[in-house]
Number of protein chains: 2
Amino acid sequence: MQAESAFQGTPAMAEPFARDLRDRPATIKDVAKLANVSISTVSRVVNQTGGVSDELTLRIEGAISALRYRSNGVARALRVNATRLLGFIVPSVANPTFGALAQSVEQTANERGYSTILCNSGGSVDNEVRYLRLLIKQQADGILFNSMGIYDQRLANLTNSGIPVVVVGRKIPGLPTTNVTTNNRQGAFDAVSYLINKGHRRIAFVFGVYESATALEDRYDGYKDALRQYRVPFDERLVVKVPNVLDSAEEAARRLIDSGVAFDGVFASNDLIALSVIKNLERMGFRVPNDVCVMGYDMIPFSQMRYPALSTVDSHLDQLGREATIQLIGLAEGMADNHSETVVKSEIVLGGTA
Amino acid sequence: MQAESAFQGTPAMAEPFARDLRDRPATIKDVAKLANVSISTVSRVVNQTGGVSDELTLRIEGAISALRYRSNGVARALRVNATRLLGFIVPSVANPTFGALAQSVEQTANERGYSTILCNSGGSVDNEVRYLRLLIKQQADGILFNSMGIYDQRLANLTNSGIPVVVVGRKIPGLPTTNVTTNNRQGAFDAVSYLINKGHRRIAFVFGVYESATALEDRYDGYKDALRQYRVPFDERLVVKVPNVLDSAEEAARRLIDSGVAFDGVFASNDLIALSVIKNLERMGFRVPNDVCVMGYDMIPFSQMRYPALSTVDSHLDQLGREATIQLIGLAEGMADNHSETVVKSEIVLGGTA
DNA sequence: ACGGTTAATCGAAACGTTTTCATTTTGGCG
DNA sequence: CGCCAAAATGAAAACGTTTCGATTAACCGT
């Protein structure tokens with residue numbers, strides 16, 4: 001009753017707009033009061049639901065910008081039961097493989113009106129579990145999960161608890177989820193076949209501890225497939241595991257060389273390992289590709305920022321991220337069915353190291 | 001009245017726990033009903049506020065796990081007016097500089113009970129604005145902003161609109177915010193001084209278009225400082241700008257070489273550029289460091305995954321991210337004052353390229 | 001045995017929206 | 001001129017919490 005009925009304000013008010021009353025952000029209620037309409041009407045113009053006369057629309061829009069009103073996403077989320085937030089769990093964004101993936105996921109999500117909560121699991125199942133819980137509690141609309149690929153009962157419970165989950169890059173054995181992967185086995189087969197066809201017979205397989213996530217086993221299988229196919233004898237001394245590459249660029253080829261086993265080619269389980277191998281080969285006086293050929297996997301951008309560029313298998317990380325995100329949003333919006341399986345195919349890219 | 005007053009369930013129920021009643025997640029109300037207590041009491045045991053008898057605590061905990069209750073973060077956020085979400089705006093996580101930063105930010109935030117919403121601005125001010133708006137609307141508790149460093153009136157409005165903002169890596173000229181940076185000028189000065197002291201006189205400065213974010217000007221100033229200090233003549237033909245390195249590893253040194261200007265050293269504005277320069281030098285038959293010395297800036301992990309490792313300036317990205325996050329949380333929780341300025345000092349690290 | 005203090009518990013309001021349903025206004029048409 | 005349908009608007013409930021103030025129960029010393 002006492003309230004001003006229009007919002008032109010007192011004549012004395014010279015500023016462009018009135019300062020927010022109590023220093024707290026304006027709510028829909030404030031807008032309604034200023035425009036002299038009901039809350040519901042304001043809501044309708046904010047959400048463009050229609051059914052509001054031009055006159056009121058104008059008045060309300062005036063009030064909104066006068067008060068600098070922004071609708072409160074949390075309140076909205078509570079009411080409509082959707083946050084438009086997606087969780088992305090990844091071993092480490094500092095790893096460029098996941099960085100590239102994250103980039104693509106974030107972008108795809110954003111195009112569709114979703115934002116992405118980033119979670120670095122550090123490769124521990126405990127952290128994965130912790131983050132899943134957190135995301136569920138925060139009411140994320142869906143979770144994109146690049147797991148270490150280790151099965152855990154708690155993971156099973158959480159991924160079955162109603163929230164849409166898409167596993168990207170690698171299936172978790174025993175977990176029936178929607179997943180999007182690369183055809184790792186075929187890609188590895190192609191890479192090793194290429195080396196063999198170039199005349200190499202002593203091809204090492206080097207992999208890191210850090211990377212169950214990158215579908216290690218499948219790539220290993222592809223390696224063995226190729227050997228078998230071309231009747232190249234398998235020598236387990238050529239299979240070497242190296243410590244975590246990212247955090248401390250460690251000696252990789254070292255062991256191989258030190259072991260004294262002859263080799264003329266290396267297939268690394270991913271580009272980072274490949275680069276590490278090359279570094280160490282060069283450090284010890286070998287030349288790539290003259291003395292030893294090296295191939296990686298994933299085609300991270302940096303593998304091409306050297307001379308010669310790394311020969312590798314492009315797993316189309318951007319496409320992988322995009323596809324996974326689309327699937328997830330489909331699930332979240334109820335227009336995709338669960339437990340589907342998508343495979344993005346990867347292909348050899350020849351740089352100069354093989 | 002009809003409801004069961006205890007939660008032992010019917011004898012027929014053999015499963016470990018009763019399925020959620022209506023397939024919707026259990027709320028605090030459900031727990032209260034099952035445990036036969038009031039909502040507020042449940043809330044107290046969930047939040048460990050204390051003041052609940054042992055007997056009730058036990059009963060309630062029983063109900064909670066029976067129903068698999070998880071408190072709804074959104075509802076809580078609405079009520080307490082805090083989401084424990086931090087926004088992190090960055091040009092691109094696919095860029096390892098920002099990947100490393102993001103990693104550190106996420107981890108630090110997480111240690112303190114916050115999660116991180118990742119936003120790739122793609123280097124456009126429009127996107128920066130869009131994301132700021134989004135984060136404000138989503139009621140983020142604070143925003144960490146690695147901007148492109150371009151001033152825009154809208155940025156000024158948004159960063160002044162009450163939400164805590166910390167600018168990391170680079171100040172935005174004209175924006176009075178809390179910021180955390182590296183002492184770029186000093187670092188660049190040190191790097192170039194080192195090259196000069198090694199006997200180089202024709203030192204190029206190479207930088208990319210993509211990177212206002214990395215405090216380009218300061219590094220350029222440091223470069224000029226060093227030249228001046230050691231009375232090395234400045235030659236603007238030695239200052240070259242290269243196209244975006246990340247998205248397409250483009251020719252960088254190329255122009256320099258093609259231009260025919262003599263040079264024996266290169267100081268790149270960041271590691272990515274440095275690697276690109278080296279790649280192109282090698283491709284054209286030059287040898288690093290024998291023919292040309294190259295130094296980078298930032299010390300991203302990959303710059304060390306080559307032989308010889310890149311000589312660079314370590315800007316301690318992890319520390320930068322950590323410090324910025326701590327500041328931001330301080331602001332968000334009202335226990336730090338605004339507009340402070342923190343400088344993390346960077347230092348030369350000698351690999352083998354200079 | 002009794003008032004008074006403390007501890008435990010509850011009821012209800014509030015956070016800022018969306019949405020359903022009822023109500024009012026408008027306009028068209030007989 | 002009046003009636004009815006359609007359009008525009010408003011009132012209020014609901015979303016799932018936290019938290020304040022009130023209520024009840026228990027206890028203790030005199």
# chains A, B, ... in the order shown; residues from 1 in each chain; ligands from 1
>>> interface_residues(of="chain B", to="chain D", cutoff="7 Å", atoms="only C-alpha atoms (C1' of nucleotides)", output="JSON, numbers by chain")
{"B": [27, 72, 75, 76, 79, 80]}
>>> write_last_selection(atoms="C-alpha atoms", output="mmCIF file, in the first residue's frame")
data_model
loop_
_atom_site.group_PDB
_atom_site.id
_atom_site.type_symbol
_atom_site.label_atom_id
_atom_site.label_comp_id
_atom_site.auth_asym_id
_atom_site.auth_seq_id
_atom_site.Cartn_x
_atom_site.Cartn_y
_atom_site.Cartn_z
ATOM 1 C CA THR B 27 14.824 -37.066 1.523
ATOM 2 C CA ASN B 72 20.584 -32.768 -1.268
ATOM 3 C CA ALA B 75 18.600 -27.569 -1.208
ATOM 4 C CA ARG B 76 21.352 -27.036 1.278
ATOM 5 C CA ARG B 79 19.260 -22.511 2.428
ATOM 6 C CA VAL B 80 22.763 -21.646 3.575
#
>>> closest_atom_pairs(of="chain B", to="chain C", cutoff="10 Å", atoms="only C-alpha atoms (C1' of nucleotides)", output="CSV")
residue,atom,partner,partner_atom,distance
B:Val37,CA,C:DT9,C1',8.4
B:Ser38,CA,C:DC10,C1',6.1
B:Ile39,CA,C:DC10,C1',8.5
B:Ser40,CA,C:DC10,C1',7.6
B:Thr41,CA,C:DT9,C1',7.2
B:Gly51,CA,C:DA8,C1',6.8
B:Val52,CA,C:DA8,C1',6.6
B:Ser53,CA,C:DA8,C1',7.1
B:Ala75,CA,C:DC15,C1',8.7
B:Arg76,CA,C:DC15,C1',9.2
B:Ala77,CA,C:DC15,C1',8.9
B:Leu78,CA,C:DC15,C1',5.5
B:Arg79,CA,C:DC15,C1',4.6
B:Val80,CA,C:DC15,C1',7.6
B:Asn81,CA,C:DC15,C1',7.6
>>> interface_residues(of="chain A", to="chain B", cutoff="8 Å", atoms="only C-alpha atoms", output="ChimeraX atom specification")
/A:70-75,77-78,92-96,99-103,106-107,115-120,137-139,246-247,249,275-276,278-280,282-283,301-302,304-308
>>> select_by_dssp(residues="range 113-249 of chain A", states="strand (DSSP E)", output="list in words")
Ser115, Thr116, Ile117, Leu118, Cys119, Asn120, Gly142, Ile143, Leu144, Phe145, Val165, Val166, Val167, Val168, Thr178, Asn179, Val180, Thr181, Thr182, Ile203, Ala204, Phe205, Val206, Phe207, Gly208, Val239, Val240, Lys241 and Val242 of chain A
>>> atom_distance(atom1="CA of Pro243 in chain B", atom2="CA of Val209 in chain B")
5.7 Å
>>> calpha_fit_rmsd(fixed="chain A", moving="chain B")
0.2 Å
>>> select_by_dssp(residues="range 30-232 of chain A", states="helix (DSSP H, G or I)", output="ChimeraX atom specification")
/A:30-35,39-46,54-67,73-80,96-111,125-137,153-159,184-197,212-214,216-229
>>> residues_around(residues="Ser269 in chain B", least_positions_apart="3", cutoff="9 Å", atoms="only C-alpha atoms (C1' of nucleotides)", output="PyMOL selection string")
chain B and resi 188+205-208+211+214-216+219-220+272-274+295-298
>>> atom_distance(atom1="CA of Glu347 in chain A", atom2="CA of Asp271 in chain A")
14.0 Å
